[in-house]
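What follows is the content of query.cif (mmCIF, C-alpha atoms and all ligand atoms).
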data_input
loop_
_atom_site.label_atom_id
_atom_site.label_comp_id
_atom_site.auth_asym_id
_atom_site.auth_seq_id
_atom_site.Cartn_x
_atom_site.Cartn_y
_atom_site.Cartn_z
CA MET M 1 8.70 20.81 9.84
CA THR M 2 5.18 20.13 8.56
CA PRO M 3 4.14 16.54 9.23
CA LEU M 4 5.13 13.85 6.77
CA ASN M 5 2.21 12.85 4.64
CA VAL M 6 1.84 9.06 4.28
CA LEU M 7 -0.71 7.33 2.04
CA VAL M 8 -1.70 3.76 2.81
CA ILE M 9 -3.17 1.99 -0.23
CA LEU M 10 -5.28 -1.07 0.52
CA GLY M 11 -5.03 -3.40 -2.45
CA SER M 12 -7.93 -5.71 -1.63
CA VAL M 13 -11.55 -5.09 -2.57
CA ARG M 14 -12.62 -8.72 -2.03
CA ARG M 15 -15.87 -9.30 -0.15
CA GLY M 16 -14.92 -10.41 3.35
CA ARG M 17 -11.37 -9.17 2.81
CA MET M 18 -8.84 -9.82 5.57
CA SER M 19 -6.23 -7.30 4.44
CA GLU M 20 -8.44 -4.51 5.77
CA ARG M 21 -7.56 -5.70 9.28
CA VAL M 22 -3.90 -5.17 8.55
CA ALA M 23 -4.49 -1.77 6.91
CA THR M 24 -6.48 -0.69 9.97
CA PHE M 25 -3.58 -1.68 12.18
CA VAL M 26 -1.03 0.12 9.99
CA MET M 27 -3.19 3.26 10.17
CA SER M 28 -3.35 3.03 13.97
CA ARG M 29 0.45 2.77 14.21
CA LEU M 30 0.88 5.75 11.86
CA ALA M 31 -1.56 7.72 14.02
CA ALA M 32 0.70 6.95 17.00
CA THR M 33 3.83 8.15 15.14
CA ASP M 34 5.02 11.69 15.85
CA GLY M 35 5.32 14.03 12.88
CA VAL M 36 3.15 11.95 10.54
CA THR M 37 -0.30 12.40 9.04
CA ALA M 38 -1.78 9.43 7.23
CA GLU M 39 -4.66 8.71 4.90
CA LEU M 40 -6.07 5.34 3.91
CA ILE M 41 -6.87 4.90 0.22
CA ASP M 42 -9.47 2.17 -0.12
CA LEU M 43 -9.70 1.11 -3.77
CA ARG M 44 -13.19 -0.23 -3.07
CA ASP M 45 -14.38 3.35 -2.47
CA LEU M 46 -12.68 4.72 -5.59
CA ASP M 47 -14.10 2.16 -8.00
CA LEU M 48 -11.62 3.24 -10.69
CA PRO M 49 -12.56 2.26 -14.24
CA ILE M 50 -10.31 -0.11 -16.17
CA MET M 51 -7.26 1.97 -17.09
CA GLU M 52 -7.45 2.88 -20.78
CA GLU M 53 -4.63 5.44 -20.58
CA ARG M 54 -2.50 7.08 -17.93
CA LEU M 55 -3.60 10.21 -16.13
CA GLY M 56 -3.06 13.26 -18.34
CA ARG M 57 -3.45 11.28 -21.55
CA ILE M 58 -7.17 10.63 -21.43
CA GLU M 59 -10.26 12.87 -21.46
CA PRO M 60 -12.42 13.00 -19.51
CA THR M 61 -10.16 12.13 -16.61
CA PRO M 62 -11.83 9.65 -14.25
CA ALA M 63 -12.59 11.84 -11.22
CA HIS M 64 -11.07 9.59 -8.60
CA ALA M 65 -7.96 9.03 -10.69
CA ALA M 66 -7.13 12.75 -10.75
CA ASP M 67 -7.62 12.97 -7.01
CA LEU M 68 -5.54 9.87 -6.29
CA GLY M 69 -2.78 11.05 -8.62
CA ALA M 70 -2.55 14.36 -6.75
CA LYS M 71 -2.40 12.56 -3.43
CA ILE M 72 0.36 10.20 -4.59
CA GLU M 73 2.35 13.14 -5.97
CA GLN M 74 2.06 15.03 -2.69
CA ALA M 75 2.81 12.02 -0.48
CA ASP M 76 6.12 11.81 1.37
CA GLY M 77 5.71 8.06 1.54
CA LEU M 78 3.43 5.22 0.52
CA ILE M 79 2.57 2.00 2.30
CA ILE M 80 0.96 -0.71 0.19
CA VAL M 81 -1.09 -3.32 2.02
CA SER M 82 -1.75 -6.09 -0.50
CA PRO M 83 -2.95 -9.66 -0.39
CA GLU M 84 -1.31 -12.37 -2.46
CA TYR M 85 -3.54 -13.70 -5.24
CA ASN M 86 -2.17 -16.51 -7.40
CA HIS M 87 1.44 -15.70 -6.51
CA GLY M 88 0.94 -12.07 -7.47
CA TYR M 89 -1.03 -9.04 -6.30
CA PRO M 90 -4.68 -8.26 -7.15
CA GLY M 91 -5.52 -6.84 -10.56
CA VAL M 92 -7.43 -3.99 -8.94
CA LEU M 93 -4.17 -2.75 -7.40
CA LYS M 94 -2.27 -2.95 -10.70
CA ASN M 95 -5.10 -1.10 -12.43
CA ALA M 96 -4.87 1.72 -9.91
CA LEU M 97 -1.05 1.88 -9.94
CA ASP M 98 -0.86 2.01 -13.74
CA TYR M 99 -2.84 5.26 -13.93
CA PHE M 100 0.27 7.10 -12.73
CA TYR M 101 4.01 7.24 -13.38
CA ALA M 102 5.83 10.50 -12.60
CA GLN M 103 3.81 10.81 -9.39
CA TYR M 104 5.84 7.99 -7.77
CA LYS M 105 9.29 9.38 -8.52
CA ARG M 106 11.65 9.11 -5.53
CA THR M 107 8.78 8.28 -3.18
CA PRO M 108 9.67 5.83 -0.40
CA VAL M 109 7.37 2.80 -0.47
CA GLY M 110 6.84 0.28 2.32
CA LEU M 111 5.32 -3.07 1.38
CA VAL M 112 3.00 -5.07 3.63
CA THR M 113 1.86 -8.35 2.07
CA VAL M 114 -0.95 -10.51 3.40
CA SER M 115 -1.79 -14.19 3.09
CA ASN M 116 -3.97 -16.64 4.86
CA GLY M 117 -1.22 -19.20 4.36
CA GLY M 118 2.18 -19.52 5.96
CA HIS M 119 4.34 -17.63 3.47
CA GLY M 120 3.03 -14.12 4.11
CA GLY M 121 2.54 -13.22 0.45
CA VAL M 122 6.23 -13.38 -0.41
CA ASN M 123 5.50 -13.86 -4.13
CA CYS M 124 3.31 -10.76 -4.09
CA TRP M 125 6.17 -8.88 -2.40
CA ALA M 126 8.60 -9.85 -5.16
CA GLN M 127 6.23 -8.62 -7.86
CA LEU M 128 5.50 -5.35 -6.09
CA VAL M 129 9.23 -4.63 -5.75
CA THR M 130 9.64 -5.04 -9.51
CA VAL M 131 6.70 -2.75 -10.23
CA PHE M 132 7.75 0.04 -7.87
CA VAL M 133 11.34 0.00 -9.09
CA GLN M 134 9.99 0.48 -12.63
CA LEU M 135 7.83 3.34 -11.35
CA GLY M 136 10.88 5.14 -9.98
CA ALA M 137 9.87 4.79 -6.35
CA ILE M 138 12.29 3.82 -3.58
CA VAL M 139 11.26 0.50 -2.06
CA LEU M 140 12.21 0.20 1.58
CA PRO M 141 14.39 -2.78 2.42
CA SER M 142 12.22 -3.43 5.44
CA SER M 143 8.81 -4.89 4.64
CA VAL M 144 6.24 -6.89 6.59
CA ALA M 145 4.82 -10.26 5.49
CA VAL M 146 1.63 -11.20 7.33
CA SER M 147 0.99 -14.96 7.44
CA ASN M 148 -2.21 -16.68 8.59
CA VAL M 149 -3.96 -13.32 8.62
CA GLU M 150 -7.24 -14.65 9.97
CA ARG M 151 -5.46 -15.89 13.09
CA SER M 152 -2.92 -13.05 13.27
CA PHE M 153 -5.32 -10.08 13.33
CA ALA M 154 -8.74 -9.60 14.95
CA GLU M 155 -11.56 -8.09 12.89
CA ASP M 156 -10.96 -4.65 14.39
CA GLY M 157 -7.30 -4.74 13.34
CA THR M 158 -5.82 -5.70 16.69
CA PRO M 159 -2.78 -7.93 16.17
CA LEU M 160 -3.12 -11.30 17.91
CA GLU M 161 0.63 -11.82 17.56
CA SER M 162 2.65 -9.08 19.24
CA SER M 163 5.58 -9.33 16.80
CA TYR M 164 3.50 -7.43 14.25
CA ILE M 165 3.62 -4.31 16.41
CA THR M 166 7.44 -4.30 16.34
CA ARG M 167 7.58 -5.18 12.67
CA ILE M 168 5.13 -2.55 11.47
CA ASP M 169 6.66 0.08 13.75
CA GLY M 170 10.12 -0.82 12.40
CA MET M 171 8.96 -0.34 8.82
CA ILE M 172 7.26 2.96 9.66
CA ALA M 173 10.48 4.16 11.36
CA GLU M 174 12.44 3.39 8.18
CA LEU M 175 9.86 5.19 6.07
CA VAL M 176 9.93 8.25 8.32
CA TRP M 177 13.74 8.29 8.34
CA LEU M 178 14.02 8.16 4.56
CA ALA M 179 11.13 10.54 3.90
CA SER M 180 12.65 13.08 6.31
CA LYS M 181 16.03 12.86 4.55
CA LEU M 182 14.36 13.38 1.17
CA ARG M 183 12.42 16.38 2.50
CA ALA M 184 15.67 17.93 3.72
C1 LIG Q 1 -8.08 -15.24 -6.02
C2 LIG Q 1 -7.27 -15.67 -4.83
C3 LIG Q 1 -6.01 -16.19 -5.03
C4 LIG Q 1 -5.21 -16.55 -3.93
N1 LIG Q 1 -3.93 -16.98 -4.15
C5 LIG Q 1 -3.09 -17.12 -3.09
C6 LIG Q 1 -1.71 -17.38 -3.30
O1 LIG Q 1 -1.22 -17.50 -4.41
N2 LIG Q 1 -0.90 -17.47 -2.21
C7 LIG Q 1 -1.39 -17.33 -0.94
O2 LIG Q 1 -0.62 -17.40 0.00
N3 LIG Q 1 -2.71 -17.09 -0.72
C8 LIG Q 1 -3.56 -16.99 -1.75
N4 LIG Q 1 -4.89 -16.71 -1.55
C9 LIG Q 1 -5.39 -16.67 -0.19
C10 LIG Q 1 -5.26 -15.25 0.37
O3 LIG Q 1 -3.98 -15.10 0.89
C11 LIG Q 1 -6.28 -15.01 1.46
O4 LIG Q 1 -7.58 -15.17 0.92
C12 LIG Q 1 -6.16 -13.62 2.04
O5 LIG Q 1 -7.15 -13.47 3.02
C13 LIG Q 1 -6.32 -12.62 0.93
O6 LIG Q 1 -6.51 -11.30 1.38
P1 LIG Q 1 -7.97 -10.64 1.31
O7 LIG Q 1 -8.76 -11.37 2.34
O8 LIG Q 1 -7.73 -9.22 1.69
O9 LIG Q 1 -8.51 -10.81 -0.05
C14 LIG Q 1 -5.70 -16.39 -2.62
C15 LIG Q 1 -7.01 -15.87 -2.44
C16 LIG Q 1 -7.75 -15.51 -3.52
C17 LIG Q 1 -9.13 -14.90 -3.29
#

In structure tokens, how does this file's structure come out?
Ligand SMILES: Cc1cc2nc3c(=O)[nH]c(=O)nc-3n(C[C@H](O)[C@H](O)[C@H](O)COP(=O)(O)O)c2cc1C
Amino acid sequence: MTPLNVLVILGSVRRGRMSERVATFVMSRLAATDGVTAELIDLRDLDLPIMEERLGRIEPTPAHAADLGAKIEQADGLIIVSPEYNHGYPGVLKNALDYFYAQYKRTPVGLVTVSNGGHGGVNCWAQLVTVFVQLGAIVLPSSVAVSNVERSFAEDGTPLESSYITRIDGMIAELVWLASKLRA
């Protein structure tokens, strides 16, 4: 079987962002997973314009939107790494997600939420579940909530709390299991 193709979308473009540490770690665990290829989508690099219409309904198509839409459509699974902002997720992530619809259909999605507080972005998680259900994706029951991110991950993405290795690996295993079933 050709490797499963997993996209990791980093939902933070904030200067000095901490969620990048978590995304780096998720990428390293995906790289260590047999039968998986992974790509990190950094919304800071894409600099998508404010969404005026969904992909396919607007000319000219913003270049990065067409590329991202194709990648989401071809992905066997998505992992969203998102910080919690004001009990939700960042507007930049919603702007990117709203460009697409059919591209998400039946795609397994793992959610990793990030907070510098003690609740691990649980409000952000709840909102992302609602959004991805509406988009027709399949949200994995197993997710990872990262609390106290500044103390939980080093700048290079190394977890300073070993439980995150087990938790991220567990979520990746669920994603791989479901994506493999859907491929079959
Ligand atoms: C605009 C803004 C709103 C925030 N709101 C919340 C919040 O509602 N709940 C929470 O736990 N943390 C909140 N925080 C703290 C973030 O969890 C913390 O800054 C974390 O590092 C965010 O990820 P980032 O560094 O990738 O931006 C907020 C931070 C910002 C910048």

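For the choices M:Ala32, M:Leu140, M:Leu182, M:Val6, the atom-to-atom distance to Ile165 of chain M is smallest for M:Ala32 when using all atoms listed in the file.
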
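The two atoms in question, atom CA of Leu78 of chain M and atom CA of Gly35 of chain M, are spaced 15.3 Å apart.
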
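Between atom CA of His87 of chain M and atom C6 of ligand LIG 1 (chain Q) the separation is 4.8 Å.
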
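If you measure from each of M:Tyr89, M:Tyr99, M:Phe153, M:Tyr104 to Leu7 of chain M using all atoms listed in the file, the closest one turns out to be M:Tyr104.
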
(request) Can you pull out every residue within 10 Å of Glu20 of chain M, counting all atoms listed in the file, but drop anything in the same chain fewer than 2 positions away, and send it as a VMD selection string? (result) chain M and resid 10 to 14 16 to 18 22 to 26 42 81 to 83 114 153 155 to 157

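You will find atom CA of Gly136 of chain M at 26.3 Å from atom O1 of ligand LIG 1 (chain Q).
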
Given 4 Å of margin on each side, can you work out the centre and size in Å (one decimal) of an axis-aligned box holding every listed atom of ligand LIG 1 (chain Q), as JSON?
{"center_x": -4.9, "center_y": -13.4, "center_z": -1.5, "size_x": 16.5, "size_y": 16.3, "size_z": 17.0}

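Counting all atoms listed in the file and comparing M:Arg183, M:Arg106, M:Arg151, M:Arg167, the residue that lies closest to ligand LIG 1 (chain Q) is M:Arg151.
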
N, CA and C atoms for segment 144-166 of chain M, written as a PDB file, in the coordinates of the input, could you do that?
ATOM      1  N   VAL M 144       6.900  -5.998   5.617  1.00  0.00           N
ATOM      2  CA  VAL M 144       6.240  -6.890   6.590  1.00  0.00           C
ATOM      3  C   VAL M 144       5.392  -7.897   5.829  1.00  0.00           C
ATOM      4  N   ALA M 145       5.607  -9.184   6.104  1.00  0.00           N
ATOM      5  CA  ALA M 145       4.820 -10.260   5.490  1.00  0.00           C
ATOM      6  C   ALA M 145       3.897 -10.835   6.569  1.00  0.00           C
ATOM      7  N   VAL M 146       2.610 -10.702   6.346  1.00  0.00           N
ATOM      8  CA  VAL M 146       1.630 -11.200   7.330  1.00  0.00           C
ATOM      9  C   VAL M 146       1.156 -12.583   6.885  1.00  0.00           C
ATOM     10  N   SER M 147       1.444 -13.583   7.702  1.00  0.00           N
ATOM     11  CA  SER M 147       0.990 -14.960   7.440  1.00  0.00           C
ATOM     12  C   SER M 147      -0.271 -15.232   8.252  1.00  0.00           C
ATOM     13  N   ASN M 148      -1.037 -16.212   7.815  1.00  0.00           N
ATOM     14  CA  ASN M 148      -2.210 -16.680   8.590  1.00  0.00           C
ATOM     15  C   ASN M 148      -3.044 -15.513   9.100  1.00  0.00           C
ATOM     16  N   VAL M 149      -3.387 -14.605   8.190  1.00  0.00           N
ATOM     17  CA  VAL M 149      -3.960 -13.320   8.620  1.00  0.00           C
ATOM     18  C   VAL M 149      -5.197 -13.489   9.497  1.00  0.00           C
ATOM     19  N   GLU M 150      -5.993 -14.481   9.206  1.00  0.00           N
ATOM     20  CA  GLU M 150      -7.240 -14.650   9.970  1.00  0.00           C
ATOM     21  C   GLU M 150      -6.960 -14.904  11.438  1.00  0.00           C
ATOM     22  N   ARG M 151      -5.820 -15.594  11.702  1.00  0.00           N
ATOM     23  CA  ARG M 151      -5.460 -15.890  13.090  1.00  0.00           C
ATOM     24  C   ARG M 151      -4.507 -14.840  13.662  1.00  0.00           C
ATOM     25  N   SER M 152      -3.919 -14.018  12.805  1.00  0.00           N
ATOM     26  CA  SER M 152      -2.920 -13.050  13.270  1.00  0.00           C
ATOM     27  C   SER M 152      -3.501 -11.690  13.627  1.00  0.00           C
ATOM     28  N   PHE M 153      -4.696 -11.375  13.054  1.00  0.00           N
ATOM     29  CA  PHE M 153      -5.320 -10.080  13.330  1.00  0.00           C
ATOM     30  C   PHE M 153      -6.804 -10.269  13.624  1.00  0.00           C
ATOM     31  N   ALA M 154      -7.295  -9.586  14.658  1.00  0.00           N
ATOM     32  CA  ALA M 154      -8.740  -9.600  14.950  1.00  0.00           C
ATOM     33  C   ALA M 154      -9.457  -8.715  13.930  1.00  0.00           C
ATOM     34  N   GLU M 155     -10.775  -8.847  13.884  1.00  0.00           N
ATOM     35  CA  GLU M 155     -11.560  -8.090  12.890  1.00  0.00           C
ATOM     36  C   GLU M 155     -11.354  -6.591  12.988  1.00  0.00           C
ATOM     37  N   ASP M 156     -11.129  -6.099  14.205  1.00  0.00           N
ATOM     38  CA  ASP M 156     -10.960  -4.650  14.390  1.00  0.00           C
ATOM     39  C   ASP M 156      -9.522  -4.194  14.138  1.00  0.00           C
ATOM     40  N   GLY M 157      -8.673  -5.111  13.673  1.00  0.00           N
ATOM     41  CA  GLY M 157      -7.300  -4.740  13.340  1.00  0.00           C
ATOM     42  C   GLY M 157      -6.305  -4.929  14.467  1.00  0.00           C
ATOM     43  N   THR M 158      -6.754  -5.445  15.585  1.00  0.00           N
ATOM     44  CA  THR M 158      -5.820  -5.700  16.690  1.00  0.00           C
ATOM     45  C   THR M 158      -4.959  -6.912  16.354  1.00  0.00           C
ATOM     46  N   PRO M 159      -3.617  -6.763  16.458  1.00  0.00           N
ATOM     47  CA  PRO M 159      -2.780  -7.930  16.170  1.00  0.00           C
ATOM     48  C   PRO M 159      -2.895  -8.966  17.296  1.00  0.00           C
ATOM     49  N   LEU M 160      -3.024 -10.229  16.921  1.00  0.00           N
ATOM     50  CA  LEU M 160      -3.120 -11.300  17.910  1.00  0.00           C
ATOM     51  C   LEU M 160      -1.746 -11.912  18.141  1.00  0.00           C
ATOM     52  N   GLU M 161      -0.773 -11.410  17.398  1.00  0.00           N
ATOM     53  CA  GLU M 161       0.630 -11.820  17.560  1.00  0.00           C
ATOM     54  C   GLU M 161       1.419 -10.531  17.734  1.00  0.00           C
ATOM     55  N   SER M 162       2.068 -10.393  18.897  1.00  0.00           N
ATOM     56  CA  SER M 162       2.650  -9.080  19.240  1.00  0.00           C
ATOM     57  C   SER M 162       3.805  -8.695  18.320  1.00  0.00           C
ATOM     58  N   SER M 163       4.426  -9.669  17.657  1.00  0.00           N
ATOM     59  CA  SER M 163       5.580  -9.330  16.800  1.00  0.00           C
ATOM     60  C   SER M 163       5.183  -8.349  15.688  1.00  0.00           C
ATOM     61  N   TYR M 164       3.912  -8.343  15.329  1.00  0.00           N
ATOM     62  CA  TYR M 164       3.500  -7.430  14.250  1.00  0.00           C
ATOM     63  C   TYR M 164       3.593  -5.963  14.673  1.00  0.00           C
ATOM     64  N   ILE M 165       3.482  -5.711  15.950  1.00  0.00           N
ATOM     65  CA  ILE M 165       3.620  -4.310  16.410  1.00  0.00           C
ATOM     66  C   ILE M 165       5.056  -3.849  16.133  1.00  0.00           C
ATOM     67  N   THR M 166       6.034  -4.659  16.554  1.00  0.00           N
ATOM     68  CA  THR M 166       7.440  -4.300  16.340  1.00  0.00           C
ATOM     69  C   THR M 166       7.767  -4.208  14.852  1.00  0.00           C
TER      70      THR M 166
END
